[in-house]
Structure formats: structure tokens, C-alpha cells
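This report concerns only the one structure given below.
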2 protein chains.
Amino acid sequence: MISLKHLKIIQALHENSTLTRAANVLHLSQSALSHQIRYLEEKLGITLWEREGRNLRLTKAGELLLQTAQQLLPILEQTEKTLKAYAQGRQGILRIGVECYPCYEWLTKVIGVFLQKMPNVEVEIINKFQFSGHEGLLNYHIDILITPDRERKADIHIETLAQYNLVLLVANEHSLAHKTIITPKDLTNETLLTFPVPLERLDILTQFLNPAHIKPKHIKKIESIELMLQMTMLERGVCILPEWLANEFIKKMPVKKIQIGVEGLSQKLFAILRKQDREINYIQRFVKISKEVVNVP
Amino acid sequence: MISLKHLKIIQALHENSTLTRAANVLHLSQSALSHQIRYLEEKLGITLWEREGRNLRLTKAGELLLQTAQQLLPILEQTEKTLKAYAQGRQGILRIGVECYPCYEWLTKVIGVFLQKMPNVEVEIINKFQFSGHEGLLNYHIDILITPDRERKADIHIETLAQYNLVLLVANEHSLAHKTIITPKDLTNETLLTFPVPLERLDILTQFLNPAHIKPKHIKKIESIELMLQMTMLERGVCILPEWLANEFIKKMPVKKIQIGVEGLSQKLFAILRKQDREINYIQRFVKISKEVVNVP
DNA sequence: ACTTAATCATGAGATATATTCATATATGAT
DNA sequence: ATCATATATGAATATATCTCATGATTAAGT
């Protein structure tokens, strides 16, 4: 009766608003979708969409079906991907979600070694989430989440992957450049360049500046790390990076790293996974390899 | 590519061992199934079954698909049932799992009032579980579990429905009949009639006899509550029942209830549900009505 | 009010997919 | 070797699904 095709249609219709657009996305004719939803409504004996002018709006029953679709389709998709990976002689497919910019940089450093050591596992990296990374994990959109946020929730398993210091990067000519350690006060008149994430997720604020009740003059959000470094170099601001990442830029650009506070500002990266996946061979190996490879000073 | 039909086939095949029998269950010809699994294997480019003589055995890939089927099909089935209920003008369908004999008796007492007060909700009662009731809940085989076991797990919500004393029932002529309170020692030479559940789930043992390091002479498992009462009456043993249930039998049979221990032996019944279902109107009403109706002394 | 562009709906015919029937092939037990 | 019981397969049939062409409805612009 209800088939996966119907679930896909209801989902596509929800995401694309109109039958016509949904049909395009699904590579079908508008007519086909129209027939299908009519068939489904007829079979179920219930209206799933209210016709509102030239729009369709889901009824309560339709919402239920949509919810089911959103629950089932990602699971099936993962299974299909894994089977496809099997078919190619691989062990499976590992979808890694990254939830922060350093995570992404870190992953690019690890991934080479990883792919080499595990040629039998296909890897997919996902950094856009419909909701949160944690939701994505539980809804089977990803299998592993790399994040600095240690979420203690049920049915998930947490592994610590790395711990390192965050450092301040400034241009060599910058007035702070002679310092070896900065205090919160030093940043009062600085423009802080950050990645575009909510402020409460910036450790430099929550762990360092906020406790001292100090705000930087400006906080400027920048998408790309290269651009951020350019602006730092040109003294348009200062930025905070993991030390291992900072070390690379110091080599090739006129910038200097400075320790943050007397104790340093440390950050951890965690790998979060579904508890039931702990036993999966390639997931265990991913965690193991990750810990070994990332030997960040 | 993979369709629900395939998932149903793989599941039926697993449950019925042979293609032929699975085909019967699905009301299809053996040929149809054979074609379908061939098609699926061809499309996926991977063997799902090993042909072992005249049996089929799932490969690792097949196991994965089976697992997916077992995860998805119950969810879809529940959605279909709910939609069907909607179609009949009902609010939904509520599948109640009962995990103990008193639970079942209790439910039969409540269900009348419940159906009357909620004519718009269809009810289904399930007392056989593939695994545990808790699993059944998380796998969408049931929506509410009635149980005396308070399981504190993630993503489930617990409501206390009732609290009452367990009492000992003996024949009027029984040597213990004159007592108002029994001690563990009193049961040393008795045959204890119980429902067929694992011993560790019997409160009379775990809460009363075990702590005193006393065992009854025999423990005899009996399926039906009527038979249990018959045997009690004929002095073939004694049994433990909820007081509210015992009260009914006392009225019509020559049996007597006796308090267990100085403090009495109390038991609670809980309703367990998935957290995300808490808001559903008819589930809230079920819990509310249950608490009101069951006014067990 | 008329026009236009965009939407969904529908019927008929074409295509694709699934099922059955009849039969072949393979296996294990006796 | 024979028989009972499996699965596999090819061809014919039945069913389901899609597209095409077109109609009907609606919202917005003139």
C-alpha cells in the first residue's frame, strides 16, 4: 500500500513546496506525482493534503506520514550506501559529521592516513546539518560526529580524540606581537576574527574573556580560514586557532602565535557515535587511528 | 531500488526459512519471490543469500538488510494503522503491551472505562514480545508498556499508575488460614503457585523470601489464574496476588487473604512510553484515566 | 474585467514492473 | 535410483507507473 516511493514523494513535496518542483527533483513528471498522491489518498481513504489555492498543505494525517518518511528514509539510505560499499568490496561506509571549523581542518589532516590505512571503507564528510549534529547522529544521517562539545546524552558513546591549546594569532608588526602570554585586558581594543558560529560556542569568550568581564572591540565573522589569516596579517584583526593549525601558518606568513592566559586555553575534540555502533570494526579502527595520528603538540 | 516489498520478503524469508513458505505467507507464488530476490541481488550487485543445498542463508549483506527491515517495517506498520484509524474518524491507535499477569488483569479492569471515555481511539493489547517489552516500545511494536519493572532508561517516560499490596491467598481450611500476617518462615513447607515468569521477577522471592534466606518447598508455574485459584482452594498450594484481585476471588471462593510481612509487600504498576509520545493527546488521556479509574484499596 | 503565467488534475496510451504458470534443475533422505 | 521438496527460469499475462496532452483553477498584473 504505502511504498517508499510515496514517502519520497511526500518528503520531496514538503521540501520543495510545489508538485512541479518536487517532480523535477525526483526526475518525474508533475502528472506522475499527482497520480501517485491521488492513489495514496484513495487507498488510505483519507486526505493527506488540503488544496489551498494552487498550493498543497499537509493535513494532520499528512504530517504523520511526513514524519514517518523523515524517520525511515535516512535509515534506508544508509543501508543502501553500505550495501553499495559492500558491492564494491568495501567493508562499509562511514559518514563523518564535523560541527566546527577546527574539526574540519583536523579531519582533513587525519583523513589521508585514514583512507590509506582503511582502503576498504568509504568515507563521506558532512558539515551541514538540518538540525544539530547530535540529531543527525541519532537520525542516521551521520555515523560519527567530530565536535568540541561534550554532550552527555543517552545512547551515545563518546571518545576523546585530541587535546590541544588554542593560541592567539597576530601580525608580526602587531602591538601585541612582543608578548608571550596575553591577558583578557590585552584584547579590549582588538577586533576578533571568528568563524561564523554562535558566540556561546567560542571558547575564547566563554572560557577567557567573559569570566574577566571583558569584550573585544569588535567581533567579525569570517567564512574562510585563509581570509581570516589574510586579515590577521594585514592587522585588520586577531584570531584564535588551534596551536597545531597555527603552527602551519606561522611557517609561511608573517604572523606570530601567543599563549592565551597563564595556563593556556585548552580545547578537546570528541568523536561521538551511537552506542550500538561501538562494536563495528571500522568505527573502532577510525577512533584508534584518529587518536594515534593526531599527535598535536 | 530497494522497496518495502523487498524488505517484507527478506523478513518473511527469515521468519519462514524457505522461499516456498514465505511465499505462502505473503500470498505470492514461490516464483515471484525468486524473481524478486534475484532482481534485488542483481541491482545491488551483491549476493544476499548463500544457496546452501536447498536452503537459503543470509550473507553479511543480507543480515544488514534484514536488520533494516526489522527496524523499518514496524514503524511503517504503526503509521499505516494510525492512518487507517484516522480514516475511520478515530484519533489514532494505541497499542498497549502488558508484561505481567497482574498487568493483564489490571488492564481488563481498566479497559472498559477507557474505551467508553475514548471512543475515538482504537486499542490493541499485546502480551507476547519478540524480545522485551522495553524493546517492543523502542521498536514501535507498542506505544505503552504496563509493567511492574521500573526501567530507568533514556528516551522513555515513566508514569506510576497504581500502588497496592500483594497478599497471600490460602484455602480457608489451610493451616495458615488463621494468621493475619505471615512471616517468611511460614512458607518453608508450602508449594508456591506462580505465573510462568523468571523467578527473579517474582517480588515474593526477591523482596520477601530471599532476604530471609528461605525457599518454599516447591515453586509450581501455572498458566491460568483460574487454575491457580482452583489449586489454592484444593490446598495444592498457595499463591500471591494483588490485593484488589484477591478481593474478587475471596467473594466467590473459600479462600482467605493474608498480609505478607509486618509491613506488607507492595507493588507498583508503571506505564512506560517513548518520550516523544508524551504530548500525544490520547496517550495523556490514557494515563490520566488509568490513574483515576484504578482506585485499588 | 481581462490576460497571463503558474499551479494541480485527469484521461488515454505507452512503458516498465511484477506475478503467475509451467517446467527445469538441484538436493537430501530412504 | 527414486521420491519428495527445494529453488530457478522463460514466456505470457497482469498490474502499476509514467508521460503526454490538455483541462481546470488560481493569483497577480494590467
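Quick note on naming: the chains in the C-alpha cells go A, B, ... in the order shown, residues restart at 1 in each chain, and ligands are numbered from 1 in order of appearance.
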
Please, which residues of chain C lie no more than 8 Å from chain A when the count uses only C-alpha atoms (C1' of nucleotides), and can they be set out as a PyMOL selection string? chain C and resi 7-9

Quick one: residues within 12 Å of Ala32 in chain B, only C-alpha atoms (C1' of nucleotides), excluding same-chain residues fewer than 5 positions away - as a VMD selection string? (chain B and resid 5 to 6 9 19 to 20 22 to 24 26 to 27 37 to 39) or (chain C and resid 17 to 21) or (chain D and resid 7 to 9)

Generate a file of the selected residues that holds C-alpha atoms (C1' of nucleotides), formatted as a compact mmCIF listing (two decimals), in the first residue's frame.
```txt
# COMPACT_ATOMS: atom_id res chain seq x y z
CA LYS B 5 8.28 -5.20 -0.82
CA HIS B 6 11.85 -6.38 -0.71
CA ILE B 9 10.23 -10.51 1.53
CA LEU B 19 11.04 -19.39 -0.14
CA THR B 20 8.00 -21.55 -0.60
CA ALA B 22 7.47 -17.30 2.80
CA ALA B 23 5.62 -17.03 -0.49
CA ASN B 24 2.54 -18.58 1.09
CA LEU B 26 2.89 -13.25 1.62
CA HIS B 27 0.18 -14.69 -0.65
CA ILE B 37 15.36 -11.62 -4.77
CA ARG B 38 17.21 -12.25 -7.98
CA TYR B 39 16.31 -8.78 -9.18
C1' DT C 17 7.48 -3.88 -13.50
C1' DA C 18 5.60 -7.77 -11.06
C1' DT C 19 3.19 -12.08 -11.00
C1' DT C 20 1.88 -16.47 -12.48
C1' DC C 21 2.16 -20.79 -14.85
C1' DT D 7 14.90 -23.17 -5.84
C1' DA D 8 15.46 -21.25 -10.76
C1' DT D 9 13.91 -19.78 -15.16
```

Which chain A residues have any atom within 8 Å of an atom of chain B, and for each, what is the nearest pair of atoms with distance in Å to one decimal, counting only C-alpha atoms, rows sorted by chain and number, as JSON lines?
```
{"residue": "A:Ile2", "atom": "CA", "partner": "B:Glu80", "partner_atom": "CA", "distance": 7.7}
{"residue": "A:Ser3", "atom": "CA", "partner": "B:Leu4", "partner_atom": "CA", "distance": 6.1}
{"residue": "A:Leu4", "atom": "CA", "partner": "B:Ser3", "partner_atom": "CA", "distance": 6.2}
{"residue": "A:Leu44", "atom": "CA", "partner": "B:Lys84", "partner_atom": "CA", "distance": 6.5}
{"residue": "A:Gly45", "atom": "CA", "partner": "B:Ala87", "partner_atom": "CA", "distance": 5.7}
{"residue": "A:Ile46", "atom": "CA", "partner": "B:Ala87", "partner_atom": "CA", "distance": 5.3}
{"residue": "A:Ala61", "atom": "CA", "partner": "B:Leu83", "partner_atom": "CA", "distance": 6.4}
{"residue": "A:Leu64", "atom": "CA", "partner": "B:Thr79", "partner_atom": "CA", "distance": 7.2}
{"residue": "A:Leu65", "atom": "CA", "partner": "B:Thr79", "partner_atom": "CA", "distance": 7.0}
{"residue": "A:Thr68", "atom": "CA", "partner": "B:Leu76", "partner_atom": "CA", "distance": 7.0}
{"residue": "A:Leu72", "atom": "CA", "partner": "B:Leu72", "partner_atom": "CA", "distance": 6.2}
{"residue": "A:Ile75", "atom": "CA", "partner": "B:Thr68", "partner_atom": "CA", "distance": 7.4}
{"residue": "A:Leu76", "atom": "CA", "partner": "B:Thr68", "partner_atom": "CA", "distance": 7.0}
{"residue": "A:Thr79", "atom": "CA", "partner": "B:Leu65", "partner_atom": "CA", "distance": 7.0}
{"residue": "A:Glu80", "atom": "CA", "partner": "B:Ile2", "partner_atom": "CA", "distance": 7.7}
{"residue": "A:Leu83", "atom": "CA", "partner": "B:Ala61", "partner_atom": "CA", "distance": 6.4}
{"residue": "A:Lys84", "atom": "CA", "partner": "B:Leu44", "partner_atom": "CA", "distance": 6.5}
{"residue": "A:Tyr86", "atom": "CA", "partner": "B:Ala61", "partner_atom": "CA", "distance": 7.2}
{"residue": "A:Ala87", "atom": "CA", "partner": "B:Ile46", "partner_atom": "CA", "distance": 5.3}
{"residue": "A:Ala154", "atom": "CA", "partner": "B:Ala154", "partner_atom": "CA", "distance": 5.4}
{"residue": "A:Asp155", "atom": "CA", "partner": "B:Ala154", "partner_atom": "CA", "distance": 7.2}
```

Prev. selection, C-alpha atoms, output as an mmCIF file, in the first residue's frame:
```cif
data_model
loop_
_atom_site.group_PDB
_atom_site.id
_atom_site.type_symbol
_atom_site.label_atom_id
_atom_site.label_comp_id
_atom_site.auth_asym_id
_atom_site.auth_seq_id
_atom_site.Cartn_x
_atom_site.Cartn_y
_atom_site.Cartn_z
ATOM 1 C CA ILE A 2 2.253 2.782 1.241
ATOM 2 C CA SER A 3 5.540 2.423 -0.576
ATOM 3 C CA LEU A 4 8.889 4.090 -0.282
ATOM 4 C CA LEU A 44 -5.932 5.215 2.608
ATOM 5 C CA GLY A 45 -9.371 6.764 2.402
ATOM 6 C CA ILE A 46 -8.093 9.984 3.837
ATOM 7 C CA ALA A 61 -2.549 12.701 8.618
ATOM 8 C CA LEU A 64 2.206 11.881 10.325
ATOM 9 C CA LEU A 65 3.231 10.382 7.031
ATOM 10 C CA THR A 68 7.422 8.647 9.151
ATOM 11 C CA LEU A 72 12.584 5.884 7.607
ATOM 12 C CA ILE A 75 17.910 4.690 7.609
ATOM 13 C CA LEU A 76 17.213 3.059 4.309
ATOM 14 C CA THR A 79 21.662 0.747 4.317
ATOM 15 C CA GLU A 80 21.722 1.227 0.574
ATOM 16 C CA LEU A 83 25.329 -2.319 0.556
ATOM 17 C CA LYS A 84 26.750 -0.422 -2.363
ATOM 18 C CA TYR A 86 29.883 -3.954 0.150
ATOM 19 C CA ALA A 87 29.276 -4.496 -3.545
ATOM 20 C CA ALA A 154 21.799 8.617 26.405
ATOM 21 C CA ASP A 155 22.547 6.005 23.767
#
```

May I have the residues within 6 Å of Cys239 in chain B as a PyMOL selection string, using only C-alpha atoms (C1' of nucleotides) and disregarding those fewer than 6 positions away in the same chain? chain B and resi 168-169+192-193

So which residues of range 54-160 of chain B fall under alpha helix (DSSP H) by DSSP, listed as a ChimeraX atom specification? /B:60-87,101-117,133-138

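CA of Ile142 in chain A lies 4.8 Å from CA of Arg95 in chain A.
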
Give me the residues of chain D that have any atom at most 10 Å from an atom of chain A; for each, the nearest atom pair and the distance in Å, rounded to one decimal. Use only C-alpha atoms (C1' of nucleotides), sort by chain and number, and format it as a tab-separated table.
```
residue	atom	partner	partner_atom	distance
D:DT17	C1'	A:Ala32	CA	7.8
D:DC18	C1'	A:Ala32	CA	6.0
D:DT19	C1'	A:Ser29	CA	7.1
D:DC20	C1'	A:Ser31	CA	9.4
D:DT25	C1'	A:Arg54	CA	7.6
D:DT26	C1'	A:Gly53	CA	5.8
D:DA27	C1'	A:Gly53	CA	8.5
```

Dump as a PDB file, in the first residue's frame, selection limited to N, CA, C and O atoms (P, O5', C5', C4', C3', O3' and C1' of nucleotides):
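For reference, out_34.pdb as written:
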```
ATOM      1  P    DT D  17       2.427   1.457  -8.442  1.00  0.00           P
ATOM      2  O5'  DT D  17       3.046   2.248  -9.678  1.00  0.00           O
ATOM      3  C5'  DT D  17       4.258   1.777 -10.231  1.00  0.00           C
ATOM      4  C4'  DT D  17       4.623   2.651 -11.402  1.00  0.00           C
ATOM      5  C3'  DT D  17       4.488   4.137 -11.108  1.00  0.00           C
ATOM      6  O3'  DT D  17       5.770   4.695 -11.250  1.00  0.00           O
ATOM      7  C1'  DT D  17       3.531   3.563 -13.201  1.00  0.00           C
ATOM      8  P    DC D  18       6.055   6.224 -11.179  1.00  0.00           P
ATOM      9  O5'  DC D  18       6.009   6.655 -12.711  1.00  0.00           O
ATOM     10  C5'  DC D  18       7.066   6.238 -13.564  1.00  0.00           C
ATOM     11  C4'  DC D  18       6.778   6.758 -14.949  1.00  0.00           C
ATOM     12  C3'  DC D  18       6.653   8.270 -15.013  1.00  0.00           C
ATOM     13  O3'  DC D  18       7.725   8.806 -15.756  1.00  0.00           O
ATOM     14  C1'  DC D  18       4.865   7.171 -16.181  1.00  0.00           C
ATOM     15  P    DT D  19       7.732  10.420 -15.983  1.00  0.00           P
ATOM     16  O5'  DT D  19       7.043  10.586 -17.403  1.00  0.00           O
ATOM     17  C5'  DT D  19       7.415   9.708 -18.465  1.00  0.00           C
ATOM     18  C4'  DT D  19       6.597  10.034 -19.699  1.00  0.00           C
ATOM     19  C3'  DT D  19       6.483  11.521 -20.007  1.00  0.00           C
ATOM     20  O3'  DT D  19       6.689  11.697 -21.402  1.00  0.00           O
ATOM     21  C1'  DT D  19       4.322  10.576 -19.842  1.00  0.00           C
ATOM     22  P    DC D  20       6.985  13.190 -21.980  1.00  0.00           P
ATOM     23  O5'  DC D  20       5.726  13.422 -22.947  1.00  0.00           O
ATOM     24  C5'  DC D  20       5.130  12.298 -23.603  1.00  0.00           C
ATOM     25  C4'  DC D  20       3.743  12.680 -24.105  1.00  0.00           C
ATOM     26  C3'  DC D  20       3.559  14.175 -24.397  1.00  0.00           C
ATOM     27  O3'  DC D  20       2.940  14.336 -25.663  1.00  0.00           O
ATOM     28  C1'  DC D  20       1.862  13.401 -22.930  1.00  0.00           C
ATOM     29  P    DT D  25     -12.745  24.375 -12.576  1.00  0.00           P
ATOM     30  O5'  DT D  25     -11.587  25.056 -11.724  1.00  0.00           O
ATOM     31  C5'  DT D  25     -10.843  24.259 -10.801  1.00  0.00           C
ATOM     32  C4'  DT D  25      -9.721  25.090 -10.244  1.00  0.00           C
ATOM     33  C3'  DT D  25     -10.156  26.466  -9.723  1.00  0.00           C
ATOM     34  O3'  DT D  25      -9.741  26.560  -8.382  1.00  0.00           O
ATOM     35  C1'  DT D  25      -8.246  26.641 -11.088  1.00  0.00           C
ATOM     36  P    DT D  26     -10.219  27.759  -7.461  1.00  0.00           P
ATOM     37  O5'  DT D  26      -8.914  28.661  -7.427  1.00  0.00           O
ATOM     38  C5'  DT D  26      -7.684  28.057  -7.032  1.00  0.00           C
ATOM     39  C4'  DT D  26      -6.557  29.003  -7.332  1.00  0.00           C
ATOM     40  C3'  DT D  26      -6.784  30.429  -6.826  1.00  0.00           C
ATOM     41  O3'  DT D  26      -5.728  30.722  -5.944  1.00  0.00           O
ATOM     42  C1'  DT D  26      -5.948  30.417  -9.035  1.00  0.00           C
ATOM     43  P    DA D  27      -5.827  31.922  -4.942  1.00  0.00           P
ATOM     44  O5'  DA D  27      -4.650  32.852  -5.481  1.00  0.00           O
ATOM     45  C5'  DA D  27      -3.370  32.248  -5.715  1.00  0.00           C
ATOM     46  C4'  DA D  27      -2.468  33.294  -6.323  1.00  0.00           C
ATOM     47  C3'  DA D  27      -2.662  34.701  -5.772  1.00  0.00           C
ATOM     48  O3'  DA D  27      -1.376  35.267  -5.575  1.00  0.00           O
ATOM     49  C1'  DA D  27      -3.049  34.700  -8.109  1.00  0.00           C
TER      50       DA D  27
END
```

What parts of range 147-269 of chain A does DSSP call strand (DSSP E)? I'd like the answer as a CSV table (one decimal) with N, CA and C atoms, in the first residue's frame.
```csv
chain,number,residue,atom,x,y,z
A,147,THR,N,33.3,16.9,17.3
A,147,THR,CA,32.8,18.1,17.9
A,147,THR,C,33.6,18.4,19.1
A,156,ILE,N,24.5,7.4,23.4
A,156,ILE,CA,25.6,7.8,22.5
A,156,ILE,C,26.9,7.5,23.3
A,157,HIS,N,27.9,7.3,22.6
A,157,HIS,CA,29.2,6.9,23.1
A,157,HIS,C,30.2,8.0,22.8
A,158,ILE,N,31.0,8.4,23.7
A,158,ILE,CA,32.0,9.5,23.5
A,158,ILE,C,33.4,9.0,23.6
A,159,GLU,N,34.2,9.4,22.6
A,159,GLU,CA,35.7,9.2,22.7
A,159,GLU,C,36.4,10.5,22.6
A,160,THR,N,37.4,10.7,23.4
A,160,THR,CA,38.2,11.9,23.3
A,160,THR,C,39.3,11.6,22.2
A,161,LEU,N,39.3,12.5,21.3
A,161,LEU,CA,40.3,12.3,20.1
A,161,LEU,C,41.6,13.1,20.3
A,162,ALA,N,41.5,14.3,20.8
A,162,ALA,CA,42.6,15.1,20.9
A,162,ALA,C,42.4,16.2,21.9
A,163,GLN,N,43.5,16.7,22.4
A,163,GLN,CA,43.5,17.8,23.3
A,163,GLN,C,44.7,18.7,22.9
A,164,TYR,N,44.4,20.0,22.8
A,164,TYR,CA,45.5,20.9,22.4
A,164,TYR,C,45.2,22.3,22.9
A,165,ASN,N,46.1,23.2,22.8
A,165,ASN,CA,45.9,24.6,23.2
A,165,ASN,C,45.4,25.4,22.0
A,166,LEU,N,44.5,26.4,22.4
A,166,LEU,CA,44.2,27.4,21.4
A,166,LEU,C,45.2,28.6,21.6
A,167,VAL,N,45.6,29.2,20.5
A,167,VAL,CA,46.5,30.3,20.6
A,167,VAL,C,46.0,31.5,19.9
A,168,LEU,N,46.5,32.7,20.2
A,168,LEU,CA,46.1,33.9,19.5
A,168,LEU,C,47.1,34.1,18.4
A,169,LEU,N,46.6,34.4,17.3
A,169,LEU,CA,47.5,34.8,16.1
A,169,LEU,C,47.4,36.3,15.9
A,170,VAL,N,48.6,36.9,15.8
A,170,VAL,CA,48.6,38.3,15.4
A,170,VAL,C,49.7,38.5,14.4
A,171,ALA,N,49.6,39.7,13.7
A,171,ALA,CA,50.6,40.0,12.7
A,171,ALA,C,51.9,40.3,13.4
A,181,ILE,N,52.5,35.9,26.5
A,181,ILE,CA,51.2,35.5,27.1
A,181,ILE,C,50.3,36.7,27.0
A,182,ILE,N,49.1,36.5,26.6
A,182,ILE,CA,48.2,37.6,26.7
A,182,ILE,C,47.2,37.5,27.8
A,191,THR,N,40.0,43.7,17.3
A,191,THR,CA,38.9,43.1,16.5
A,191,THR,C,39.2,41.6,16.4
A,192,LEU,N,38.3,40.9,16.9
A,192,LEU,CA,38.4,39.4,17.0
A,192,LEU,C,37.8,38.8,15.7
A,193,LEU,N,38.6,38.1,15.0
A,193,LEU,CA,38.0,37.4,13.8
A,193,LEU,C,37.7,36.0,14.2
A,194,THR,N,36.4,35.6,13.9
A,194,THR,CA,36.0,34.3,14.3
A,194,THR,C,35.2,33.6,13.2
A,218,HIS,N,35.5,44.6,18.5
A,218,HIS,CA,34.6,44.1,17.5
A,218,HIS,C,34.8,42.6,17.5
A,219,ILE,N,33.7,41.9,17.1
A,219,ILE,CA,33.8,40.5,16.7
A,219,ILE,C,33.3,40.4,15.2
A,220,LYS,N,34.2,40.0,14.4
A,220,LYS,CA,33.9,39.9,13.0
A,220,LYS,C,33.9,38.5,12.5
A,221,LYS,N,32.8,38.0,11.9
A,221,LYS,CA,32.7,36.6,11.5
A,221,LYS,C,33.2,36.5,10.1
A,238,VAL,N,42.7,40.1,15.0
A,238,VAL,CA,43.4,38.9,15.5
A,238,VAL,C,42.5,37.7,15.5
A,239,CYS,N,43.1,36.5,15.5
A,239,CYS,CA,42.2,35.4,15.6
A,239,CYS,C,42.7,34.3,16.5
A,240,ILE,N,41.9,33.4,16.8
A,240,ILE,CA,42.2,32.3,17.7
A,240,ILE,C,42.2,31.0,16.9
A,241,LEU,N,43.2,30.2,17.0
A,241,LEU,CA,43.2,28.9,16.3
A,241,LEU,C,43.8,27.9,17.1
A,242,PRO,N,43.6,26.6,16.8
A,242,PRO,CA,44.3,25.5,17.5
A,242,PRO,C,45.8,25.7,17.2
A,255,VAL,N,53.1,36.0,10.8
A,255,VAL,CA,52.2,36.1,11.9
A,255,VAL,C,52.8,35.3,13.1
A,256,LYS,N,52.4,35.6,14.3
A,256,LYS,CA,53.0,35.1,15.5
A,256,LYS,C,51.9,34.5,16.4
A,257,LYS,N,52.2,33.4,17.1
A,257,LYS,CA,51.2,32.9,18.0
A,257,LYS,C,51.6,33.3,19.4
A,258,ILE,N,50.6,33.5,20.2
A,258,ILE,CA,50.7,33.9,21.6
A,258,ILE,C,49.9,33.1,22.5
A,259,GLN,N,50.4,32.6,23.6
A,259,GLN,CA,49.6,31.8,24.5
A,259,GLN,C,48.5,32.6,25.1
A,260,ILE,N,47.4,31.9,25.4
A,260,ILE,CA,46.2,32.6,25.9
A,260,ILE,C,46.2,32.4,27.4
A,265,LEU,N,44.8,28.1,27.0
A,265,LEU,CA,43.3,27.8,26.8
A,265,LEU,C,43.3,26.5,26.0
A,266,SER,N,42.8,25.5,26.7
A,266,SER,CA,42.9,24.2,26.0
A,266,SER,C,41.5,23.8,25.5
A,267,GLN,N,41.5,23.0,24.5
A,267,GLN,CA,40.3,22.5,23.8
A,267,GLN,C,40.4,21.0,23.6
A,268,LYS,N,39.3,20.3,23.6
A,268,LYS,CA,39.3,18.9,23.3
A,268,LYS,C,38.4,18.7,22.1
A,269,LEU,N,38.8,17.6,21.3
A,269,LEU,CA,37.9,17.2,20.3
A,269,LEU,C,37.4,15.8,20.6
```

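Straight-line separation from CA of Glu263 in chain B to CA of Asp149 in chain B: 20.7 Å.
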
Counting only C-alpha atoms (C1' of nucleotides), what is within 7 Å of Gly97 in chain A, bar same-chain residues fewer than 5 positions away, as JSON, numbers by chain? {"A": [125, 126, 127, 133, 142, 144, 145, 146]}
